[in-house]
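One file, run28.tsv, is given below (TSV, C-alpha atoms and all ligand atoms).
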```tsv
chain	number	residue	atom	x	y	z
T	1	MET	CA	55.89	152.51	121.32
T	2	THR	CA	57.44	155.24	123.39
T	3	THR	CA	60.77	156.95	123.26
T	4	THR	CA	63.54	154.94	121.73
T	5	THR	CA	66.50	157.20	122.30
T	6	THR	CA	69.19	155.36	124.21
T	7	SER	CA	72.86	156.05	124.42
T	8	SER	CA	73.65	153.04	122.25
T	9	SER	CA	71.17	153.84	119.52
T	10	THR	CA	72.79	155.73	116.75
T	11	THR	CA	70.34	154.89	114.03
T	12	THR	CA	67.06	155.96	115.58
T	13	SER	CA	65.57	158.66	113.45
T	14	SER	CA	62.06	159.88	113.11
T	15	ALA	CA	61.81	158.03	109.81
T	16	GLY	CA	62.86	154.80	111.52
T	17	VAL	CA	60.20	155.11	114.16
T	18	SER	CA	57.47	155.64	111.67
T	19	THR	CA	58.54	152.56	109.68
T	20	ALA	CA	58.14	150.49	112.79
T	21	ASN	CA	54.75	151.97	113.52
T	22	ALA	CA	53.52	150.96	110.12
T	23	ASN	CA	54.12	147.34	111.08
T	24	LEU	CA	52.24	147.12	114.30
T	25	THR	CA	50.14	144.17	113.24
T	26	PRO	CA	51.40	141.17	115.18
T	27	MET	CA	52.71	138.47	112.91
T	28	ASP	CA	54.09	136.30	115.63
T	29	ASN	CA	51.64	133.69	114.58
T	30	ALA	CA	52.44	132.78	111.05
T	31	SER	CA	53.88	129.40	111.99
T	32	ALA	CA	50.62	128.33	113.55
T	33	ALA	CA	48.60	129.60	110.63
T	34	SER	CA	49.09	126.56	108.47
T	35	ALA	CA	48.24	124.13	111.25
T	36	ALA	CA	45.19	126.14	112.10
T	37	ALA	CA	43.97	126.43	108.56
T	38	ALA	CA	42.36	123.01	108.71
T	39	THR	CA	39.91	124.06	111.37
T	40	GLY	CA	39.57	127.69	110.49
T	41	LEU	CA	41.17	128.91	113.71
T	42	SER	CA	42.77	131.99	112.33
T	43	THR	CA	45.85	133.00	114.24
T	44	THR	CA	45.42	136.68	113.71
T	45	GLY	CA	42.21	138.54	114.00
T	46	SER	CA	42.96	140.78	111.06
T	47	GLY	CA	42.75	139.05	107.71
T	48	PRO	CA	44.65	141.47	105.50
T	49	SER	CA	47.82	141.20	107.58
T	50	LEU	CA	48.31	137.64	106.30
T	51	ALA	CA	48.91	138.87	102.79
T	52	PRO	CA	52.47	138.33	101.58
T	53	MET	CA	54.59	141.26	102.56
T	54	GLU	CA	57.41	142.94	100.78
T	55	PRO	CA	60.57	142.38	102.80
T	56	VAL	CA	60.99	145.54	104.83
T	57	SER	CA	64.15	146.43	106.62
T	58	ALA	CA	63.06	147.46	110.08
T	59	PRO	CA	65.23	149.49	112.40
T	60	ALA	CA	67.35	147.31	114.65
T	61	LEU	CA	65.42	148.39	117.74
T	62	HIS	CA	62.13	147.15	116.31
T	63	PRO	CA	62.75	143.90	114.46
T	64	LEU	CA	60.02	142.78	112.12
T	65	ARG	CA	58.22	139.92	113.87
T	66	ARG	CA	56.86	138.04	110.92
T	67	ASN	CA	57.83	135.31	108.49
T	68	CYS	CA	57.97	137.03	105.13
T	69	ALA	CA	57.15	135.12	101.96
T	70	GLY	CA	60.14	132.98	101.06
T	71	THR	CA	61.52	132.65	104.60
T	72	PRO	CA	63.26	129.26	104.82
T	73	ALA	CA	61.99	126.90	107.55
T	74	ARG	CA	65.21	127.17	109.57
T	75	ASP	CA	64.69	130.93	109.92
T	76	PHE	CA	61.04	130.75	110.96
T	77	CYS	CA	60.15	132.95	113.91
T	78	ALA	CA	63.81	133.72	114.53
T	79	TRP	CA	63.21	137.13	116.00
T	80	PRO	CA	64.24	138.34	119.45
T	81	LEU	CA	61.92	137.79	122.40
T	82	GLU	CA	59.72	140.65	123.42
T	83	SER	CA	58.46	141.35	126.92
T	84	PHE	CA	54.72	141.15	127.49
T	85	ASP	CA	54.60	144.82	128.49
T	86	GLU	CA	56.02	145.81	125.14
T	87	MET	CA	53.48	143.80	123.13
T	88	ASP	CA	51.03	146.50	122.21
T	89	SER	CA	48.50	144.65	120.08
T	90	THR	CA	45.09	143.24	120.93
T	91	LEU	CA	46.52	139.76	120.35
T	92	ALA	CA	49.32	140.19	122.86
T	93	VAL	CA	48.19	137.24	124.97
T	94	GLN	CA	48.36	134.81	122.05
T	95	GLN	CA	51.67	136.34	120.98
T	96	MET	CA	53.02	135.88	124.51
T	97	ILE	CA	51.88	132.25	124.75
T	98	GLN	CA	53.34	131.32	121.38
T	99	GLN	CA	56.59	133.05	122.21
T	100	SER	CA	56.97	131.10	125.49
T	101	ILE	CA	56.20	127.83	123.71
T	102	ARG	CA	58.86	128.47	121.10
T	103	ALA	CA	61.39	129.52	123.72
T	104	HIS	CA	61.03	126.50	126.06
T	105	VAL	CA	58.41	124.00	124.99
T	106	GLU	CA	59.17	121.72	127.96
T	107	ASP	CA	58.63	124.45	130.56
T	108	VAL	CA	54.88	123.88	130.85
T	109	GLU	CA	54.56	125.66	134.20
T	110	GLY	CA	56.31	128.71	132.76
T	111	ILE	CA	54.11	128.71	129.66
T	112	LEU	CA	50.99	128.52	131.82
T	113	ARG	CA	52.08	131.20	134.27
T	114	ALA	CA	49.93	134.24	133.56
T	115	PRO	CA	51.46	137.69	133.61
T	116	ASP	CA	50.36	139.79	136.59
T	117	THR	CA	47.10	141.61	135.98
T	118	GLN	CA	46.17	139.21	133.17
T	119	ASP	CA	42.43	138.55	132.94
T	120	GLU	CA	42.02	134.87	133.81
T	121	GLY	CA	39.15	134.16	131.43
T	122	VAL	CA	41.12	135.48	128.46
T	123	TRP	CA	44.20	133.54	129.60
T	124	LYS	CA	42.26	130.26	129.69
T	125	TYR	CA	40.56	130.99	126.39
T	126	GLU	CA	43.80	131.79	124.56
T	127	HIS	CA	45.51	128.68	125.90
T	128	LEU	CA	42.62	126.50	124.79
T	129	ARG	CA	42.76	128.04	121.29
T	130	GLN	CA	46.45	127.22	121.20
T	131	PHE	CA	45.85	123.62	122.34
T	132	CYS	CA	43.28	123.10	119.59
T	133	MET	CA	45.62	124.51	116.96
T	134	GLU	CA	48.46	122.27	118.07
T	135	LEU	CA	46.18	119.23	118.38
T	136	ASN	CA	45.66	119.49	114.63
T	137	GLY	CA	49.28	118.39	114.37
T	138	LEU	CA	48.50	115.21	116.31
T	139	ALA	CA	45.41	114.61	114.17
T	140	VAL	CA	47.52	114.79	111.03
T	141	LEU	CA	49.94	112.18	112.39
T	142	LEU	CA	47.09	109.92	113.53
T	143	GLN	CA	45.68	109.81	110.02
T	144	SER	CA	48.53	107.51	108.99
T	145	GLU	CA	47.27	104.61	111.11
T	146	CYS	CA	43.99	105.55	112.78
T	147	VAL	CA	41.49	104.48	110.13
T	148	PRO	CA	37.77	103.68	110.40
T	149	GLU	CA	38.45	100.00	109.60
T	150	THR	CA	40.56	99.45	112.70
T	151	CYS	CA	39.40	102.21	115.06
T	152	THR	CA	35.69	101.92	114.49
T	153	GLN	CA	34.80	103.90	117.61
T	154	MET	CA	36.29	106.60	119.80
T	155	THR	CA	37.66	104.70	122.76
T	156	ALA	CA	40.58	104.99	125.11
T	157	THR	CA	40.35	102.26	127.72
T	158	GLU	CA	37.66	99.57	127.48
T	159	GLN	CA	35.46	101.52	129.85
T	160	TRP	CA	33.84	104.10	127.58
T	161	ILE	CA	32.82	104.65	124.00
T	162	PHE	CA	32.63	108.37	123.34
T	163	LEU	CA	29.79	109.70	121.26
T	164	CYS	CA	30.59	112.45	118.81
T	165	ALA	CA	28.75	115.63	119.76
T	166	ALA	CA	29.11	117.22	116.33
T	167	HIS	CA	25.82	115.75	115.07
T	168	LYS	CA	22.18	116.52	115.73
T	169	THR	CA	21.97	113.28	117.65
T	170	PRO	CA	25.35	112.32	119.12
T	171	LYS	CA	26.71	109.30	117.27
T	172	GLU	CA	29.47	106.71	117.32
T	173	CYS	CA	31.88	108.16	114.81
T	174	PRO	CA	35.10	106.25	114.07
T	175	ALA	CA	37.99	107.64	116.12
T	176	ILE	CA	39.57	109.64	113.32
T	177	ASP	CA	36.22	111.20	112.37
T	178	TYR	CA	35.53	111.93	116.02
T	179	THR	CA	38.91	113.69	116.11
T	180	ARG	CA	38.20	115.84	113.07
T	181	HIS	CA	34.60	116.62	114.03
T	182	THR	CA	35.60	117.54	117.56
T	183	LEU	CA	38.43	119.84	116.50
T	184	ASP	CA	36.10	121.47	113.98
T	185	GLY	CA	33.44	121.91	116.65
T	186	ALA	CA	35.95	123.39	119.08
T	187	ALA	CA	37.19	125.82	116.42
T	188	CYS	CA	33.61	126.89	115.64
T	189	LEU	CA	32.82	127.51	119.28
T	190	LEU	CA	36.07	129.35	120.04
T	191	ASN	CA	35.59	131.53	116.95
T	192	SER	CA	31.93	132.10	117.65
T	193	ASN	CA	30.97	135.72	117.54
T	194	LYS	CA	28.09	135.00	119.87
T	195	TYR	CA	30.15	133.56	122.74
T	196	PHE	CA	33.57	135.09	122.10
T	197	PRO	CA	33.08	138.43	120.34
T	198	SER	CA	36.24	139.83	121.95
T	199	ARG	CA	39.65	138.47	122.77
T	200	VAL	CA	40.27	141.17	125.33
T	201	SER	CA	37.42	140.49	127.74
T	202	ILE	CA	35.23	137.41	127.93
T	203	LYS	CA	31.90	136.92	129.70
T	204	GLU	CA	31.86	134.47	132.60
T	205	SER	CA	29.06	132.50	130.90
T	206	SER	CA	31.33	131.97	127.90
T	207	VAL	CA	34.35	131.03	130.01
T	208	ALA	CA	32.10	128.35	131.50
T	209	LYS	CA	31.92	126.69	128.07
T	210	LEU	CA	35.64	125.95	128.02
T	211	GLY	CA	35.43	122.91	130.31
T	212	SER	CA	33.34	120.84	127.92
T	213	VAL	CA	35.68	121.68	125.03
T	214	CYS	CA	38.58	120.46	127.18
T	215	ARG	CA	36.83	117.19	128.01
T	216	ARG	CA	36.10	116.48	124.36
T	217	VAL	CA	39.48	117.31	122.90
T	218	TYR	CA	41.25	115.42	125.69
T	219	ARG	CA	39.87	112.20	124.23
T	220	ILE	CA	42.15	112.72	121.24
T	221	PHE	CA	45.14	112.47	123.57
T	222	SER	CA	43.76	109.44	125.37
T	223	HIS	CA	42.87	107.60	122.16
T	224	ALA	CA	46.35	108.26	120.78
T	225	TYR	CA	47.97	107.17	124.03
T	226	PHE	CA	46.11	103.88	124.36
T	227	HIS	CA	45.86	102.94	120.68
T	228	HIS	CA	48.67	104.67	118.81
T	229	ARG	CA	51.37	104.86	121.43
T	230	GLN	CA	54.34	105.39	119.11
T	231	ILE	CA	52.66	108.35	117.43
T	232	PHE	CA	51.66	109.74	120.80
T	233	ASP	CA	55.18	109.39	122.22
T	234	ASP	CA	56.87	110.98	119.21
T	235	PHE	CA	54.43	113.90	119.22
T	236	GLU	CA	54.68	114.36	122.98
T	237	ALA	CA	58.48	114.31	122.89
T	238	GLN	CA	58.40	117.22	120.47
T	239	THR	CA	55.56	119.27	121.89
T	240	CYS	CA	54.93	118.27	125.56
T	241	LEU	CA	51.34	119.06	124.59
T	242	CYS	CA	49.55	116.42	126.66
T	243	ARG	CA	51.59	117.31	129.72
T	244	ARG	CA	50.87	121.01	129.23
T	245	PHE	CA	47.17	120.27	128.70
T	246	THR	CA	47.00	118.10	131.82
T	247	VAL	CA	48.68	120.75	133.97
T	248	PHE	CA	46.41	123.40	132.42
T	249	VAL	CA	43.08	121.67	133.09
T	250	THR	CA	44.23	120.70	136.58
T	251	LYS	CA	45.42	124.21	137.43
T	252	TYR	CA	42.16	125.83	136.30
T	253	ASN	CA	39.83	123.03	137.40
T	254	LEU	CA	38.50	122.49	133.90
T	255	MET	CA	38.36	118.70	134.13
T	256	SER	CA	38.03	116.26	137.00
T	257	ARG	CA	41.07	114.21	137.92
T	258	ASP	CA	39.20	110.95	137.20
T	259	ASN	CA	38.95	111.88	133.55
T	260	LEU	CA	42.68	112.47	133.16
T	261	ILE	CA	43.61	108.91	132.27
T	262	VAL	CA	46.90	109.52	130.45
T	263	PRO	CA	49.57	109.45	133.19
T	264	MET	CA	51.29	112.81	132.85
T	265	LEU	CA	51.56	114.46	136.24
T	266	GLU	CA	54.44	113.51	138.51
T	267	GLN	CA	52.25	111.75	141.04
T	268	ASP	CA	50.60	109.66	138.28
T	269	LEU	CA	53.96	108.60	136.93
T	270	GLU	CA	55.17	107.62	140.40
T	271	ALA	CA	51.98	105.65	141.04
T	272	GLY	CA	52.42	103.87	137.72
T	273	GLU	CA	55.96	102.85	138.59
T	274	SER	CA	55.02	101.41	141.96
T	275	GLU	CA	52.20	99.39	140.39
T	276	ALA	CA	54.53	97.94	137.79
R	1	ZN	ZN	42.80	105.13	116.24
R	2	ZN	ZN	31.22	112.89	114.29
```

Take the structure from the file and write it as structure tokens.
Amino acid sequence: MTTTTTSSSTTTSSAGVSTANANLTPMDNASAASAAAATGLSTTGSGPSLAPMEPVSAPALHPLRRNCAGTPARDFCAWPLESFDEMDSTLAVQQMIQQSIRAHVEDVEGILRAPDTQDEGVWKYEHLRQFCMELNGLAVLLQSECVPETCTQMTATEQWIFLCAAHKTPKECPAIDYTRHTLDGAACLLNSNKYFPSRVSIKESSVAKLGSVCRRVYRIFSHAYFHHRQIFDDFEAQTCLCRRFTVFVTKYNLMSRDNLIVPMLEQDLEAGESEA
């Protein structure tokens, strides 16, 4: 927060600036908080900031970026965009990613384009956190028809049965349990103080763990695509999440192309059409 005196600003006073400073905690993330609650992926690092806030009237130059208690759904996150350079919190990368998603959910390349000078490990880590949080939304929808009686195992095509890695000895959990256990496991790893003590710099050995998380959570997409197509299509139409995930893991070499069995990239879709 630097000087705010511009020719158009008539209201900037020293009192106004200090009000804004008191609200530095990023609250860009409240909308994701409820989805993340299920797996414990907190959207802000600082617990106390989630407490209900008194509505505060912020100066026009520094709008309050948070959903106060009682905000109606239609007004959620309806604050002006902020440039990455102006985001001055330790959670700026998450704030930036969530802002781009809200602005243009279908622009997956734009969402995945890292700002210059952005540390690549942190960029990959924050995107994977975001994928896991949003995948909880798909898991919730799947619960309506993916039940242990019909989906007794985690499968996509006939080729593989996936074993659930959340147990001492990997086991054949029903698909919906596999989904929950895997999202829980991913949340535990990504929140682990041992591997990810900081969200500003991440050790290369920890970044190396991201690939296996990607492979496991991808199976949720592929199960939904091959077994619950309507749910998958409705969710994808709203979120473009599988397409964003596919472009993400391809761009950063986190999964091999052979494992990406849901046709999402342009060349896959073209190949599918010519086969048909
Ligand atoms: Zn199922
Ligand atoms: Zn399991």

>> Counting only C-alpha atoms and all ligand atoms, which residue out of T:Val108, T:Val213, T:Met87, T:Cys173 sits closest to ligand ZN 1 (chain R)?
In response: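 Of T:Val108, T:Val213, T:Met87, T:Cys173, the one nearest ligand ZN 1 (chain R), counting only C-alpha atoms and all ligand atoms, is T:Cys173.
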
> Hey, which residues come within 12 Å of ligand ZN 1 (chain R) if we count only C-alpha atoms and all ligand atoms? Could you give them as a ChimeraX atom specification?
Replying inline: /T:138-156,173-179,219-232

Given the selection you just returned, output its residues as a file containing C-alpha atoms, formatted as a tab-separated table (two decimals), in the coordinates of the input.
```tsv
chain	number	residue	atom	x	y	z
T	138	LEU	CA	48.50	115.21	116.31
T	139	ALA	CA	45.41	114.61	114.17
T	140	VAL	CA	47.52	114.79	111.03
T	141	LEU	CA	49.94	112.18	112.39
T	142	LEU	CA	47.09	109.92	113.53
T	143	GLN	CA	45.68	109.81	110.02
T	144	SER	CA	48.53	107.51	108.99
T	145	GLU	CA	47.27	104.61	111.11
T	146	CYS	CA	43.99	105.55	112.78
T	147	VAL	CA	41.49	104.48	110.13
T	148	PRO	CA	37.77	103.68	110.40
T	149	GLU	CA	38.45	100.00	109.60
T	150	THR	CA	40.56	99.45	112.70
T	151	CYS	CA	39.40	102.21	115.06
T	152	THR	CA	35.69	101.92	114.49
T	153	GLN	CA	34.80	103.90	117.61
T	154	MET	CA	36.29	106.60	119.80
T	155	THR	CA	37.66	104.70	122.76
T	156	ALA	CA	40.58	104.99	125.11
T	173	CYS	CA	31.88	108.16	114.81
T	174	PRO	CA	35.10	106.25	114.07
T	175	ALA	CA	37.99	107.64	116.12
T	176	ILE	CA	39.57	109.64	113.32
T	177	ASP	CA	36.22	111.20	112.37
T	178	TYR	CA	35.53	111.93	116.02
T	179	THR	CA	38.91	113.69	116.11
T	219	ARG	CA	39.87	112.20	124.23
T	220	ILE	CA	42.15	112.72	121.24
T	221	PHE	CA	45.14	112.47	123.57
T	222	SER	CA	43.76	109.44	125.37
T	223	HIS	CA	42.87	107.60	122.16
T	224	ALA	CA	46.35	108.26	120.78
T	225	TYR	CA	47.97	107.17	124.03
T	226	PHE	CA	46.11	103.88	124.36
T	227	HIS	CA	45.86	102.94	120.68
T	228	HIS	CA	48.67	104.67	118.81
T	229	ARG	CA	51.37	104.86	121.43
T	230	GLN	CA	54.34	105.39	119.11
T	231	ILE	CA	52.66	108.35	117.43
T	232	PHE	CA	51.66	109.74	120.80
```

> Which of these, T:Val200, T:Cys240, T:Leu210, T:Leu183, has the shortest distance to ligand ZN 2 (chain R) once you count all atoms listed in the file?
Replying inline: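 Under the stated criterion, the closest residue is T:Leu183.
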
> Looking at only C-alpha atoms, which of T:Cys164, T:Cys242, T:Met133, T:Met255 is the one that sits closest to T:Lys209?
Replying inline: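 Of all the options, T:Met255 lies closest to T:Lys209.
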
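Each of T:Ile111, T:Ala165, T:Cys132, T:Val93 was compared to ligand ZN 2 (chain R) using all atoms listed in the file, and T:Ala165 turns out to be the nearest.
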
> How far is it from atom CA of T:Arg244 to atom CA of T:Asn191, in Å with one decimal?
Replying inline: 22.2 Å

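Closest to ligand ZN 2 (chain R) among T:Gly137, T:Pro72, T:Gly185, T:Pro115 is T:Gly185, based on all atoms listed in the file.
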
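Across the structure, atom CA of T:Phe76 and atom CA of T:Ala186 are spaced 27.4 Å apart.
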
>> So, with all atoms listed in the file as the atoms that count, which of T:Ser201, T:Gln130, T:Gln159, T:Thr169 lies closest to ligand ZN 2 (chain R)?
In response: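 Under the stated criterion, the closest residue is T:Thr169.
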
> Suppose you want the space between atom CA of T:His104 and atom CA of T:Leu81; what is it in Å?
Replying inline: 11.9 Å

For T:Trp123, list every protein, DNA or RNA residue within 8 Å, evaluated using all atoms listed in the file, and leave out those in the same chain fewer than 4 positions away; present the list as a short mmCIF file (atom, residue, chain, number, x, y, z; two decimals) with C-alpha atoms, in the coordinates of the input.
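Contents of part_33.cif, freshly written:
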```
data_model
loop_
_atom_site.label_atom_id
_atom_site.label_comp_id
_atom_site.auth_asym_id
_atom_site.auth_seq_id
_atom_site.Cartn_x
_atom_site.Cartn_y
_atom_site.Cartn_z
CA VAL T 93 48.19 137.24 124.97
CA ALA T 114 49.93 134.24 133.56
CA GLN T 118 46.17 139.21 133.17
CA ASP T 119 42.43 138.55 132.94
CA HIS T 127 45.51 128.68 125.90
#
```

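Within 10 Å of the point (44.7, 108.8, 133.3) in file coordinates, and counting all atoms listed in the file, lie the residues T:Ala156, T:Thr157, T:Ser222, T:Tyr225, T:Thr246, T:Arg257, T:Asp258, T:Asn259, T:Leu260, T:Ile261, T:Val262, T:Pro263, T:Met264, T:Leu265, T:Asp268, T:Leu269.
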